[in-house]
Every structure is written in C-alpha cells, then in structure tokens.
Amino acid sequence: MMAILREFHPWLKLLIRRRLRFLVGALLVWITLLAGLALLGLSGWFITASALTGIALALGLPARLDVYVPGGGIRFFALVRTVARYIERLYNHNTVLTLLADLRYRVFGFLTRLDDASLHRQRASDWLSRLTADIDTLDNFYLRILVPPVVALLSIAVVALFIAFWLPGVALLMVVTLVPLWFIVTLLAARWGFAQSYQQVVDQQSLRRLVVDQVQASAELMSYQSSPWHRRLIEDQESQALLNQQRLGLKTALINCLVSAITGLLVLAVLWFASFVSSQQLVAAPIVVMVVLIALGVNEVFIALPASFIKLGASYAAVRRLNELTDEPSSIETERALPEGTGLSINATQVSLLYPMSLHPALSDVSFHLPEGKRAVITGKSGAGKSSLASVLVGRLQVTQGAVSVGGIAPWELSSQHRANNFAVLTQQIDLFDASLAENLRIADPSASDATLWKVLTAVALDSWVGGLPNGLDTAVGEKGQQLSGGQARRVALARLMLRNPGLVILDEPFAGVDAETARHIATSLDQWLANRTVIYFVHQLGSLNLLHGVEFHWHLDAGKLQQYLIE
Amino acid sequence: MAIEIEQPLTSKSWLQALAKSERQRLSGAALCGVLAGSQTVILVVGLAWLIDQLVVQARPLIALLPIFALLALSVLMRAVFQWGHETLSLEASLRIRQRARAQVLDKLATLGPVWLASRHSGSLANQVVEHIDALEGYFARFYPQLRITLWLPILILLVVGWLDYLVAIFLLLSAPLIPLFMALVGMGAERLNRDQFVAVSRLSAHFIDRVRGMTTLQLFGHTSAAQRDVWYATDEYRRLSMRTLRLAFLSSAVLEFFASVAIAVVAMYVGFGLLGYIEYGPSPSLTLFSGLAVLLLAPEFFQPLRTLSQHYHDRASALGAAESVVNILNEPGLITDGHETPHVASSLVELVNACVAYPGRGHVVGPLDLTIEQASVIAITGASGSGKSTLLALLAGFISPSSGEYRRHANSQYAWLDQQPCLLHGSLADNLRLASPQASQEQMLAALTRSGFGPLLDQLPDGLETAIGERGIGLSGGQAQRLALARIYLSNAPLVLLDEPTASLDQETERFVITALLQLAQEGRTLVIATHHPAVITAAHRHLVFENGQLREVKE
C-alpha cells in the first residue's frame with residue numbers, strides 16, 4: 001500500500017500543485033449535483049404541499065400556500081443545474097488540458113537527462129508509443145479519481161446535514177449506509193480490481209510483443225511452417241487476457257449492482273422511517289416527500305466511481321513506467337571547459353565498452369591517437385561499434401575500461417552545454433523535426449539570420465532547391481523529415497552542423513544518398529568549414545577517398561576492435 | 001467465422017458486421033437495459049403510490065408492508081437486470097474483439113512477409129492490439145445503449161400517458177425535438193470528436209517527434225528550448241480546443257436543460273393542478289400519486305439519451321480505430337494459396353515465366369524461369385536493388401507471381417536466413433522453436449553447439465531459458481546469426497534460402513558461417529544464396545547473375 005502511494009506521490013503532487021483549480025473544479029461538480037438534488041427535493045415538497053392544500057381547500061378548510069417562492073426556487077435550481085454543469089465541464093476540461101501541458105513538460109524534462117545508452121534502449125522498445133498513452137492515463141486521473149470521490153463525500157455530508165434538520169434519525173441512516181458504500185466503491189473497488197487491472201496492462205504489452213514478433217519473424221514463420229505454432233501462442237495469450245478482462249468486468253458489474261440495490265433499498269428505508277416519524281405528527285408530510293426524493297437522487301454521486309476505481313491498477317502501471325524514466329542513470333557533469341573553436345587532440349587508450357545486459361563488448365581494447373586539427377577515417381560494417389565509439393568520443397557514454405581524453409579532458413566530464421559547443425556529430429540516423437526548414441536549422445543556432453541559413457544551404461548545394469520552393473525557408477519538412485528525400489535530409493543536417501563552431505567533428509556517412517556531383521560540391525565546402533577542426537569520418541566502405549579531403553589516418557573497426565591501415 | 005469480403009469495407013460496415021456476429025448477446029444486453037429501466041419505472045410509480053397512500057389516504061404504515069416488500073423486490077430485480085446488461089455486453093464486446101483480432105491476424109498472414117517488411121511493425125501491432133481494444137466501449141456501452149434509447153422512452157411515455165395525458169403530450173412535443181437535438185449532439189459531437197481526434201494525434205505526434213529526436217536535441221544543447229516548446233504546444237492546443245469545446249458542450253447542456261426543465265415544468269403544472277388553479281383536461285383529476293409519478297418519470301424519459309451522449313466518444317474512437325484496421329483488411333493479399341506441385345519429381349521449386357509486380361509500382365522483375373533441383377547449390381549475384389531479394393521472396397512463396405507460375409510441393413518446409421535474423425521476444429529456446437516447435441532440449445543444444453553458440457551458452461546461467469533481446473541480454477549481430485544458423489540445423493528442411501547471410505558480419509563469424517554453409521551443401525541440402533562471397537560462388541553448382549530484372553546463367 002505504502003509502496004503504491006510512493007509511486008503515485010510525485011505525480012499527485014504535480015496534479016495538486018494547481019490547488020485552486022482543483023478546488024473550484026470540485027466545487028462546480030458539487031454545485032451541479034446539489035442543484036439536481038434540490039430541484040428534485042423541492043419539486044416533491046411543492047407537489048405534496050399543493051396536494052394537501054388542494055384537499056384542504058376542497059374540504060372548505062382555510063388553507064394557503066405561497067406558490068411563488070417554491071416556484072421560483074424550482075426554476076432557479078433547474079437553471080443552476082444546467083448552467084453549473086456547462087461551466088463545470090468547460091472548467092474541468094481546461095484543467096485537464098493544463099495538467100496535460102504540465103505532465104508533458106515534466107516527462108520531457110526527465111528524458112532530456114537520459115544518456116545515450118538509456119535513450120537507445122528506450123528507442124529500441126516500443127516504449128515511445130506507450131509514452132503518450134501513459135501520460136494520458138495520468139491526465140485522466142484528475143477527473144476520474146481525484147475529483148469524484150471528494151465531491152461524493154461532500155455531497156453525502158451536506159445532504160445528511162440538511163436532512164438532520166428535520167429528521168436526524170433518517171440522516172444517520174443515510175450516513176451509515178452511504179459512507180460505507182463510498183468506501184466500497186472507492187478503496188475497496190480499487191483493491192479488488194487492482195491486480196487484474198494491472199494485469200490488463202501487462203497482458204496488452206505481452207500481446208503487443210507477440211504481434212510484433214509475428215510481423216517481424218513472418219519470413220521465418222512462413223518458411224519453417226511454424227506460423228500455426230506462433231499463432232497458437234498469440235491465441236493463448238489473448239484468451240488469458242480476455243479471461244482477465246472478463247473477471248474484471250464481472251467485478252465492476254457486481255459493484256454497480258450492489259450500488260443500485262443499496263441505494264434503491266435506502267430510498268424505501270428512508271420512506272419507511274420518515275413516514276413513521278411523520279405518523280407521530282413530528283414532521284410535515286411535504287418534508288418527508290422531499291427527503292425521499294433527495295434519497296432517490298443521491299445515487300448519482302456514485303455512478304462513475306466503481307468503474308474508475310476498479311481500474312486503479314492500470315494507472316499504477318502507467319505511473320510505474322513513467323517513474324522508471326527517473327530511475328535511469330543520467331550523465332555526471334562537472335564544470336570543466338574546453339577552449340572553443342580550435343581543434344582538439346584525441347587520445348584513446350585500451351578503451352572497452354560493455355552495455356548493460358550485453359554479453360559482448362561493443363568496443364574492446366581500442367587505442368588510437370589523433371592529433372589536433374587532423375582528419376581520420378574509420379571504416380566498419382554496421383554493428384562494428386562505430387556509433388558506440390562516436391558516443392564515447394563526444395562524452396555521451398562513459399567507457400567501461402580504459403581512458404579517453406579529448407583536448408586533455410575526459411569528454412563525459414564536460415557539462416552537456418560544453419559538449420554541445422565543442423563537439424558536433426552527424427549521426428547515421430538523421431533527426432529532423434516536424435517544423436519548418438528554418439526552424440530545423442535554427443536548432444543549431446537560434447539567433448542565425450536568414451542570410452546565414454542561406455549560406456549553409458549553399459554549402460550543401462540546397463540553395464537552388466529551397467529557393468524554388470513556394471515557401472522557401474518556411475517549408476515544412478514533415479514528421480521525421482518525410483517530405484525530404486534521404487539525401488536531402490542528410491544535407492539539411494549537414495548544413496545545420498555548419499552553423500556551429502566545434503573543435504571536434506564526427507561525420508557518419510556524410511555522403512550517403514547524395515549523387516556524385518553534389519557530393520563533390522559538398523566535400524569542397526565541407527573541407528573549408530572543417531579547417532583547423534579535428535575530424536573523424538565514419539564510413540561503411542572506403543569508396544572514394546577523394547571526397548574525404550585531407551584524411552591522414554585510416555582505422556578499421558571489426559566487432560569492436562580497431563585496426564590501423566596505411567593511407568597511400 | 002469468416003466475414004465475406006466482397007466490396008471494400010468501410011469502418012461502419014465492418015463495425016456492423018462485427019455487431020451482427022454477436023447479435024444475440026447485444027440484443028440481450030439491450031433488453032436487460034430496458035427491463036432494468038422498466039423496474040425503475042415500477043419503483044418510482046410505486047413510491048408515488050406509497051406516498052399518496054401514506055400522506056393523503058393516511059393508511060397505516062404496517063398495512064403497506066407488502067407493497068414495500070414488492071418494491072424492494074423490484075429494486076433487486078433492477079440490480080439483477082443491470083448486472084445482466086453489463087455482463088452480456090461485456091461478453092459480446094470480448095468475443096467481438098477476439099474475432100476482429102483473428103480477422104486482422106489472418107489478413108496479415110495472407111499479406112505475407114514482403115508486405116509486412118514494408119510496414120512499421122510497431123504501428124501494425126498498434127492496429128492489432130490497441131485499435132482492436134478501442135472497439136470495447138462501442139460494443140460494451142454505446143451499441144446496447146442506442147437500442148435502449150429507442151425503446152425505453154416509449155415505454156415511459158406510455159406510463160406517463162396513462163397517468164396524465166397532458167404531461168405525456170408535453171414530453172411527446174419535446175420528443176420530435178429529441179431526435180433533432182440528438183442529431184445536433186451527434187453531428188456536433190462527431191465533428192468535434194473528429195477534430196479533437198486529429199488535434200490530439202497531431203499534438204502527440206509533436207511530442208513523440210521531439211522525444212524521438214532527443215539525441216539531436218542533446219547534441220545541439222537544445223533540450224531546454226525544446227522542453228519549453230512542448231509546454232507551449234500543449235497549451236496552445238488547450239487554448240484552441242477550449243474554443244471548440246465551448247460550443248460542443250452546449251449540445252450536452254441542451255440535454256441537461258431539457259431534463260431540468262422537464263422536472264420544473266411538470267412540478268409547476270402538477271402543483272398548480274393539485275391546487276385547483278388549472279381547470280383543463282386531466283388536471284382536475286390529478287392526485288398526489290399521479291403528480292409525483294409523472295414528476296419522477298419526466299427525468300427518466302431523458303435519462304437514456306443523456307447516457308447515450310456520455311458514450312458518444314466511444315463511438316468516435318471505435319470509428320477512428322476501425323478506419324485504420326479496415327485499411328489493412330482492404331489491402332489486396334500478396335499470397336495466394338494452392339500452387340501446383342513441380343512437374344519434374346526431382347525438383348523442389350519451379351518458376352515458369354514468373355513476373356512480380358508490386359501493386360502501385362508496376363512491372364518490377366521477370367519473366368523468370370528457374371528450376372531448383374534437389375541437392376544443388378545456386379549462387380545469385382547482382383547489384384543491390386536488382387531484384388535478388390524479390391527472386392528469393394518468390395522462391396519462398398512470400399509473394400505470388402503476378403503472372404507466370406510458381407510450383408512447389410505442398411507443405412514443404414524450407415529454411416530461411418537473411419542479413420538480419422529475426423529474434424523473437426522470449427528465451428533462446430523460443431527462438432529455436434521457431435524453426436521446429438517440437439524440438440527437444442537435446443536437439444536444441446546440439447544445434448547451438450554446431451552453430452558455434454556453445455561457448456556463449458556456457459556463460460548463461462539460465463541456459464536455453466535465458467531471455468534475449470529487448471527484455472533480456474543483448475546479442476551481437478554475429479551471435480544472432482549463429483542462433484539463426486542453429487535454426488537451420490534444427491529444422492532439417494531440404495531447401496535453404498539465404499539472402500546475403502554474411503553481409504553485416506564481423507570477419508570471424510563470416511568465415512564460420514561460410515564454412516557451415518558449404519558443409520550443409522555437402523550434406524545434401526539444397527542451397528539458394530544471394531551473395532557476393534567468392535568462396536560460395538566457387539563452391540556453387542550454378543551461378544546466376546541478376547541484371548535488369550532478368551536472370552543470366554554464368555556457370556552451369
């Protein structure tokens with residue numbers, strides 16, 4: 001129980017931070033509910049009073065009933081209920097959306113602190129697609145779990161106090177029935193459905209993994225004729241999941257059924273006791289009717305509670321996954337700095353890198369020296385360790401063994417801002433954002449003028465293409481830069497790099513997807529920009545050295561081991 | 001139960017077909033809902049009668065005990081019917097989802113590996129898992145409630161009419177307004193839901209986009225600015241959607257207004273009637289009983305519609321999900337069942353004049369003629385993109401020829417190995433069962449030892465049960481390829497198809513795999529290999545070169 005609360009705690013704190021909004025939102029829901037009860041109760045009182053007065057008048061007895069005050073009251077409550085409901089929905093949706101911004105801001109903050117290994121692991125899993133769903137689950141927490149039980153309890157209290165004014169016994173009866181019922185539909189329901197609603201999330205993930213397997217291994221499954229075997233695995237998993245959902249649904253139905261029965265019987269009991277008191281001439285009949293009708297309406301406060309609370313386990317699963325992010329190791333940072341804008345010498349001695357949960361080192365015993373301002377090329381197949389080496393050199397990963405120094409400092413000891421200023425990397429996988437071309441370029445330099453942007457676009461031979469676009473620099477590149485071809489995206493990324501002034505530049509396949517003539521043009525302008533900087537090219541194969549100007553060193557990576565080659 | 005696909009499915013027709021398959025349970029659920037509603041009618045009418053008896057007729061409480069007991073029974077009946085309503089619709093929704101999922105999985109099987117490889121496996125899994133689950137609310141809540149909304153108000157109207165026809169006329173007059181408002185709510189909600197759906201997914205995409213590019217943001221020291229952007233984008237979305245919500249919530253406010261006004265109007269009418277102020281129609285004969293009963297029935301008249309509008313988003317999300325699933329179901333299958341057996345008994349696969357045209361890309365490869373005899377080793381070379389992979393896919397039956405013939409023995413097993421062997425989420429043993437579900441522990445160990453996986457296996461405390469991949473230990477490319485090799489040993493399939501099996505291996509593993517392949521050939525297995533490795537080409541019985549979509553025999 002405590003462990004569960006601990007997981008929820010930081011998020012509840014975030015939700016409750018906007019206390020005033022929470023209180024006003026709850027108040028509005030409460031007013032809506034009470035206006036409904038008042039409307040029903042007053043109407044009952046009015047009709048009964050009218051009936052009794054009518055009978056008295058018919059019998060010729062002196063009787064009078066003020067019809068204007070109750071009539072006005074009925075109209076008033078009818079209006080209040082409608083208006084309050086409308087405002088409440090608007091207001092609370094506004095709160096929910098505000099909280100969504102808060103939650104995303106916070107989660108994004110966690111993610112910015114992850115190191116390369118964690119990011120890589122996260123990207124590999126399908127965690128990304130769950131991330132927004134998990135945040136939405138938490139977001140719903142406010143309207144489904146936080147507000148309704150508070151409002152329910154408050155409503156029960158007010159109704160009981162109001163009734164106690166005439167019928168304290170009936171009020172007590174309602175309290176001793178409804179308060180335990182409140183516990184049943186909140187805490188008990190949460191507890192009862194916890195394991196199963198948690199399991200539901202786990203099941204969904206397992207099923208997802210199996211389906212991903214079926215898609216990814218479809219070639220193997222078809223050729224080995226083992227599709228029926230795998231399909232049975234999916235079906236078994238699915239029926240297990242459905243059985244679990246069925247049990248959870250039955251529990252929800254049972255609690256709903258209980259609420260319906262208890263609140264229904266309560267109305268009958270209230271009528272019985274109130275009539276009993278009334279028959280002793282202790283309370284007027286219209287009051288009895290009013291109380292009965294209020295008791296009839298009070299079940300509305302419970303309606304959504306069981307279904308929300310029984311699924312608390314699912315929210316818990318979401319919260320746990322989000323909390324795992326904060327548990328990821330983040331890089332250590334010190335305030336050491338490197339001189340900017342000059343080449344940096346690189347020294348690697350017997351460097352090994354072993355990822356957690358991996359049986360083979362990504363880098364083993366790598367040693368090399370690259371003097372400042374020199375250029376090197378490192379060849380290797382994919383998976384040979386090139387990106388791991390790049391991450392180590394720019395301080396995004398710490399080595400398991402050995403030592404690396406760049407400009408005399410272990411790169412991972414630099415602050416992230418210094419690393420960004422001193423190192424530039426063209427990654428193998430290009431990240432362009434769903435924004436305009438100019439915005440994508442300005443990630444590298446937010447203060448860059450349009451003229452500067454055009455200059456770097458010219459350097460990568462994109463100026464005439466961009467110039468020909470109707471929206472020029474404001475052209476949207478689409479999600480993942482899909483509006484651009486692979487080669488164009490790479491050139492935009494290269495142009496983006498050229499807006500910076502780093503001492504060490506690492507370029508992973510800078511000319512992939514670029515035709516030969518353009519590649520020569522880019523190589524020339526790249527050569528100028530790279531002057532006085534330390535440069536490492538990573539390439540698959542040593543196709544044409546004439547694109548890689550000024551390279552003096554050549555190493556080859558194979559299964560994490562580095563070999564030296566001689567350059568002609 | 002297969003649902004016939006004659007014309008392109010739409011999301012609506014698909015949902016209807018699914019609902020039809022569970023018609024009995026869904027109707028039962030709606031019936032239970034109507035019965036529960038009718039118990040509520042009995043309860044409130046009974047309450048009104050009791051109150052009248054106690055207050056006006058001054059009957060002693062004890063004399064009314066049987067009626068109290070009857071109403072208590074009605075309360076319990078209502079609870080039971082509600083239970084029936086919920087459980088039946090739950091059961092229907094579970095079965096429908098199971099059926100829908102099976103349908104999509106069947107479809108994926110007929111689309112085959114070539115089509116699947118062109119899609120993002122994560123989003124396909126989304127469609128099979130999350131999108132099918134998104135149908136839940138529609139079948140469990142919205143669909144039965146729609147039926148209830150059709151029948152229950154009529155029932156209530158009849159009871160009200162019997163009690164006081166003026167009130168019934170008032171409700172009836174508002175009744176034509178109900179479909180009108182329902183349509184308004186419907187249209188409003190539908191448009192809103194669609195807009196909201198689009199806006200929400202665009203916003204999520206923005207967030208995911210930034211998270212996906214986190215490495216780049218970090219590399220450029222741009223994370224704080226991006227974090228601020230995330231907040232602003234969400235807040236901007238809030239501002240925009242509040243504008244639409246202001247209008248959208250009006251439609252539900254109208255329903256709320258009707259329910260409230262109904263109570264108010266009926267209360268005023270009954271009150272004045274009882275006081276004798278109204279001398280019109282049935283008013284003089286109003287009693288506390290009939291007055292209270294119609295008062296309590298008035299909001300019940302609107303209740304089903306209010307519930308329906310609460311479930312409206314279930315319909316919207318089901319339609320959204322169905323649309324994406326239907327897109328898959330409408331894809332033309334690339335695999336056709338029932339091919340001929342080879343005309344020559346000794347050959348394993350025969351291609352006669354086979355062409356492959358990918359839908360939308362026109363003529364790609366062919367016509368090809370190739371016969372693969374038993375125990376032959378065939379090397380295929382060609383520039384990347386020349387069609388080697390397509391030929392292998394064709395031989396494997398991953399894609400059917402658009403014209404020409406493909407002949408293979410029915411149910412013949414073959415082994416498959418490509419550049420990046422697929423690892424299942426699971427244990428080493430699961431990954432081996434992929435090739436032979438019935439394999440014993442000893443057979444698996446033997447296969448792993450032979451593929452050079454032995455030394456690694458010795459390091460694993462859990463042995464064959466070690467979890468690998470995302471949730472377990474990570475394997476290098478070379479280790480994964482050795483595992484895939486073990487699958488070939490385990491399967492004993494006579495034909496082995498290999499697509500660049502050594503292209504991304506380190507030198508040591510490359511040597512090992514080549515030796516292993518040549519050994520397989522010596523053991524009499526038939527090998528078709530797309531490769532550039534000289535040792536394999538030398539050892540091959542036949543060498544074919546792929547050029548301009550055609551095969552050319554170099555060595556025979």
# chains A, B, ... in the order shown; residues from 1 in each chain; ligands from 1
>>> residues_around(residues="range 69-77 of chain B", least_positions_apart="5", cutoff="7 Å", atoms="only C-alpha atoms", output="PDB file with N, CA and C atoms, in the first residue's frame")
ATOM      1  N   ALA A 261     -28.644  -1.688  -5.816  1.00  0.00           N
ATOM      2  CA  ALA A 261     -29.513  -2.338  -4.830  1.00  0.00           C
ATOM      3  C   ALA A 261     -29.533  -1.554  -3.531  1.00  0.00           C
ATOM      4  N   GLY A 264     -31.257   1.833  -3.837  1.00  0.00           N
ATOM      5  CA  GLY A 264     -32.700   1.614  -4.016  1.00  0.00           C
ATOM      6  C   GLY A 264     -33.374   1.254  -2.705  1.00  0.00           C
ATOM      7  N   LEU A 265     -32.758   0.318  -1.991  1.00  0.00           N
ATOM      8  CA  LEU A 265     -33.339  -0.100  -0.708  1.00  0.00           C
ATOM      9  C   LEU A 265     -33.306   1.044   0.300  1.00  0.00           C
TER      10      LEU A 265
ATOM     11  N   GLN B  39     -37.990  -1.523 -14.416  1.00  0.00           N
ATOM     12  CA  GLN B  39     -38.040  -1.696 -12.961  1.00  0.00           C
ATOM     13  C   GLN B  39     -37.959  -0.340 -12.272  1.00  0.00           C
ATOM     14  N   LEU B  43     -40.543   1.208  -9.738  1.00  0.00           N
ATOM     15  CA  LEU B  43     -40.105   1.714  -8.442  1.00  0.00           C
ATOM     16  C   LEU B  43     -40.636   3.137  -8.195  1.00  0.00           C
ATOM     17  N   GLY B  46     -44.376   3.167  -7.880  1.00  0.00           N
ATOM     18  CA  GLY B  46     -44.710   2.560  -6.587  1.00  0.00           C
ATOM     19  C   GLY B  46     -44.460   3.514  -5.440  1.00  0.00           C
TER      20      GLY B  46
END
>>> residues_around(residues="Asp136 in chain A", least_positions_apart="3", cutoff="10 Å", atoms="only C-alpha atoms", output="ChimeraX atom specification")
/A:96,99-100,103-104,130-133,139-141,315,318
>>> write_last_selection(atoms="C-alpha atoms", output="compact mmCIF listing (two decimals), in the first residue's frame")
# COMPACT_ATOMS: atom_id res chain seq x y z
CA VAL A 96 -7.24 18.62 -17.65
CA LEU A 99 -2.35 19.42 -16.49
CA LEU A 100 -1.51 17.69 -19.76
CA LEU A 103 2.78 16.45 -17.31
CA ARG A 104 4.40 16.51 -20.73
CA ARG A 130 3.17 3.92 -24.87
CA LEU A 131 4.59 7.15 -23.53
CA THR A 132 1.74 9.43 -24.58
CA ALA A 133 -0.81 6.82 -23.52
CA ASP A 139 -4.11 13.11 -17.03
CA ASN A 140 -7.45 11.32 -16.72
CA PHE A 141 -6.58 10.63 -13.13
CA SER A 315 -2.97 3.86 -13.65
CA ALA A 318 1.42 3.78 -16.20
>>> select_by_dssp(residues="range 333-463 of chain A", states="strand (DSSP E or B)", output="MDAnalysis selection string")
chainID A and resid 336 346:353 358 363:370 375:379 401:406 409 414 423:426 436
>>> closest_residue(among="A:Gly560, A:Ala362, A:Cys257, A:Val67", to="Phe81 in chain B", atoms="only C-alpha atoms")
A:Cys257
>>> residues_around(residues="range 230-240 of chain A", least_positions_apart="6", cutoff="9 Å", atoms="only C-alpha atoms", output="JSON, numbers by chain")
{"A": [203, 204, 206, 207, 210, 211, 213, 214, 221], "B": [98, 102, 105, 434, 437]}
>>> closest_residue(among="A:Ser447, A:Thr95, A:Ser50, A:Ser415", to="Arg17 in chain A", atoms="only C-alpha atoms")
A:Thr95
>>> residues_around(residues="Val24 in chain A", least_positions_apart="4", cutoff="10 Å", atoms="only C-alpha atoms", output="number ranges by chain")
A: 19-20, 28-30, 88, 91-92
>>> residues_around(residues="range 234-247 of chain B", least_positions_apart="3", cutoff="10 Å", atoms="only C-alpha atoms", output="number ranges by chain")
A: 86-87, 89-91, 93-102, 104-105; B: 188-189, 192, 195-196, 199-200, 202-204, 206-207, 229-231, 250-253
>>> residues_around(residues="Leu497 in chain A", least_positions_apart="2", cutoff="12 Å", atoms="only C-alpha atoms", output="mmCIF file with C-alpha atoms, in the first residue's frame")
data_model
loop_
_atom_site.group_PDB
_atom_site.id
_atom_site.type_symbol
_atom_site.label_atom_id
_atom_site.label_comp_id
_atom_site.auth_asym_id
_atom_site.auth_seq_id
_atom_site.Cartn_x
_atom_site.Cartn_y
_atom_site.Cartn_z
ATOM 1 C CA ALA A 420 27.246 20.701 -27.413
ATOM 2 C CA ASN A 421 29.538 23.677 -28.028
ATOM 3 C CA ASN A 422 32.733 21.687 -28.571
ATOM 4 C CA PHE A 423 31.545 18.593 -30.407
ATOM 5 C CA ALA A 424 29.418 18.194 -33.492
ATOM 6 C CA VAL A 425 28.108 14.859 -34.738
ATOM 7 C CA LEU A 426 26.331 13.972 -37.941
ATOM 8 C CA THR A 427 24.507 10.857 -36.742
ATOM 9 C CA ILE A 430 19.083 11.902 -39.181
ATOM 10 C CA ASN A 440 15.165 22.830 -38.088
ATOM 11 C CA LEU A 441 18.322 24.718 -38.967
ATOM 12 C CA ARG A 442 17.990 27.131 -36.051
ATOM 13 C CA ILE A 443 18.167 24.258 -33.588
ATOM 14 C CA ALA A 444 21.892 24.660 -34.097
ATOM 15 C CA ASP A 445 21.848 28.432 -33.699
ATOM 16 C CA LEU A 453 20.897 29.996 -43.240
ATOM 17 C CA VAL A 456 24.964 26.991 -45.156
ATOM 18 C CA LEU A 457 22.287 25.820 -47.581
ATOM 19 C CA ALA A 459 27.387 24.989 -48.882
ATOM 20 C CA VAL A 460 25.364 21.770 -49.150
ATOM 21 C CA ARG A 490 21.257 14.377 -44.750
ATOM 22 C CA ARG A 491 22.315 17.596 -46.456
ATOM 23 C CA VAL A 492 19.988 19.668 -44.263
ATOM 24 C CA ALA A 493 21.533 18.002 -41.227
ATOM 25 C CA LEU A 494 24.992 18.792 -42.571
ATOM 26 C CA ALA A 495 24.014 22.429 -43.136
ATOM 27 C CA LEU A 499 26.027 26.686 -38.156
ATOM 28 C CA ARG A 500 28.171 25.686 -35.213
ATOM 29 C CA ASN A 501 31.809 26.190 -34.315
ATOM 30 C CA PRO A 502 33.006 22.922 -32.768
ATOM 31 C CA LEU A 504 35.748 18.066 -32.917
ATOM 32 C CA VAL A 505 33.513 16.964 -35.769
ATOM 33 C CA ILE A 506 32.316 13.399 -36.293
ATOM 34 C CA LEU A 507 30.581 12.650 -39.579
ATOM 35 C CA PRO A 510 28.117 12.255 -44.736
ATOM 36 C CA LEU A 526 32.880 20.906 -46.061
ATOM 37 C CA TRP A 529 34.397 24.561 -42.814
ATOM 38 C CA LEU A 530 36.456 21.705 -41.337
ATOM 39 C CA THR B 216 19.918 15.501 -31.786
ATOM 40 C CA LEU B 219 23.866 17.113 -29.347
ATOM 41 C CA PHE B 220 22.906 20.697 -30.109
#
>>> select_by_dssp(residues="range 302-522 of chain B", states="helix (DSSP H, G or I)", output="ChimeraX atom specification")
/B:302-310,312-329,388-396,428-433,441-450,454-459,463-465,477-491,507-522
>>> write_last_selection(atoms="C-alpha atoms", output="compact mmCIF listing (two decimals), in the first residue's frame")
# COMPACT_ATOMS: atom_id res chain seq x y z
CA PHE B 302 -34.45 11.85 -20.89
CA GLN B 303 -32.03 9.65 -18.99
CA PRO B 304 -31.28 7.09 -21.76
CA LEU B 305 -30.41 9.88 -24.15
CA ARG B 306 -28.13 11.52 -21.61
CA THR B 307 -26.34 8.23 -21.05
CA LEU B 308 -26.01 7.80 -24.80
CA SER B 309 -24.41 11.19 -25.22
CA GLN B 310 -21.93 10.28 -22.48
CA TYR B 312 -20.65 9.14 -27.73
CA HIS B 313 -16.88 9.33 -27.60
CA ASP B 314 -16.82 5.51 -27.53
CA ARG B 315 -18.36 5.55 -30.95
CA ALA B 316 -15.91 8.14 -32.22
CA SER B 317 -12.86 6.26 -31.02
CA ALA B 318 -14.23 2.97 -32.38
CA LEU B 319 -14.78 4.57 -35.79
CA GLY B 320 -11.30 6.04 -35.75
CA ALA B 321 -9.77 2.69 -34.81
CA ALA B 322 -11.94 0.79 -37.29
CA GLU B 323 -10.79 3.04 -40.08
CA SER B 324 -7.16 2.15 -39.57
CA VAL B 325 -7.93 -1.56 -39.25
CA VAL B 326 -10.17 -1.57 -42.33
CA ASN B 327 -7.29 -0.09 -44.32
CA ILE B 328 -5.37 -3.29 -43.66
CA LEU B 329 -8.34 -5.54 -44.33
CA LYS B 388 17.78 -10.71 -55.86
CA SER B 389 15.64 -10.36 -52.78
CA THR B 390 12.50 -10.43 -54.89
CA LEU B 391 13.62 -13.69 -56.50
CA LEU B 392 14.25 -15.24 -53.10
CA ALA B 393 10.89 -14.00 -51.85
CA LEU B 394 9.30 -15.52 -54.91
CA LEU B 395 11.02 -18.87 -54.35
CA ALA B 396 9.99 -18.81 -50.71
CA LEU B 428 16.72 -18.87 -26.60
CA ALA B 429 14.52 -21.97 -26.66
CA ASP B 430 11.54 -19.97 -28.03
CA ASN B 431 13.79 -18.65 -30.74
CA LEU B 432 14.80 -22.16 -31.70
CA ARG B 433 11.24 -23.48 -31.58
CA GLN B 441 16.15 -29.85 -25.32
CA GLU B 442 18.94 -32.14 -26.57
CA GLN B 443 18.26 -31.30 -30.19
CA MET B 444 18.38 -27.60 -29.40
CA LEU B 445 21.64 -27.90 -27.52
CA ALA B 446 23.17 -29.92 -30.32
CA ALA B 447 22.11 -27.35 -32.91
CA LEU B 448 23.53 -24.48 -30.85
CA THR B 449 26.82 -26.30 -30.32
CA ARG B 450 27.13 -26.98 -34.03
CA GLY B 454 28.27 -23.27 -27.36
CA PRO B 455 30.88 -21.10 -25.61
CA LEU B 456 28.32 -18.34 -25.20
CA LEU B 457 25.71 -20.76 -23.90
CA ASP B 458 28.12 -21.88 -21.20
CA GLN B 459 28.21 -18.31 -19.86
CA GLY B 463 20.90 -21.81 -20.44
CA LEU B 464 18.21 -22.28 -23.03
CA GLU B 465 15.72 -20.39 -20.90
CA GLY B 477 24.98 -9.36 -34.96
CA GLY B 478 27.35 -12.32 -35.15
CA GLN B 479 25.79 -14.10 -32.19
CA ALA B 480 22.32 -13.58 -33.63
CA GLN B 481 23.44 -15.07 -36.93
CA ARG B 482 24.83 -18.15 -35.17
CA LEU B 483 21.48 -18.56 -33.46
CA ALA B 484 19.78 -18.32 -36.86
CA LEU B 485 22.20 -20.94 -38.18
CA ALA B 486 21.18 -23.22 -35.32
CA ARG B 487 17.60 -22.90 -36.57
CA ILE B 488 18.65 -24.30 -39.93
CA TYR B 489 20.37 -27.28 -38.26
CA LEU B 490 17.30 -27.88 -36.16
CA SER B 491 14.79 -27.82 -38.99
CA GLN B 507 35.25 -11.35 -40.21
CA GLU B 508 35.42 -14.25 -37.79
CA THR B 509 31.72 -15.03 -37.89
CA GLU B 510 31.68 -14.55 -41.66
CA ARG B 511 34.32 -17.28 -42.07
CA PHE B 512 32.41 -19.55 -39.73
CA VAL B 513 29.09 -19.10 -41.50
CA ILE B 514 30.60 -19.69 -44.95
CA THR B 515 32.21 -22.93 -43.78
CA ALA B 516 28.95 -24.02 -42.21
CA LEU B 517 27.04 -23.33 -45.43
CA LEU B 518 29.46 -25.31 -47.57
CA GLN B 519 29.13 -28.17 -45.11
CA LEU B 520 25.34 -28.02 -45.39
CA ALA B 521 25.73 -28.33 -49.14
CA GLN B 522 27.91 -31.39 -48.74
>>> closest_residue(among="B:Gln420, B:Thr40, B:Ser504, B:Asn330", to="chain A", atoms="only C-alpha atoms")
B:Ser504
>>> closest_residue(among="A:Thr137, A:Ser352, A:Thr112, A:Asn347", to="chain B", atoms="only C-alpha atoms")
A:Thr112
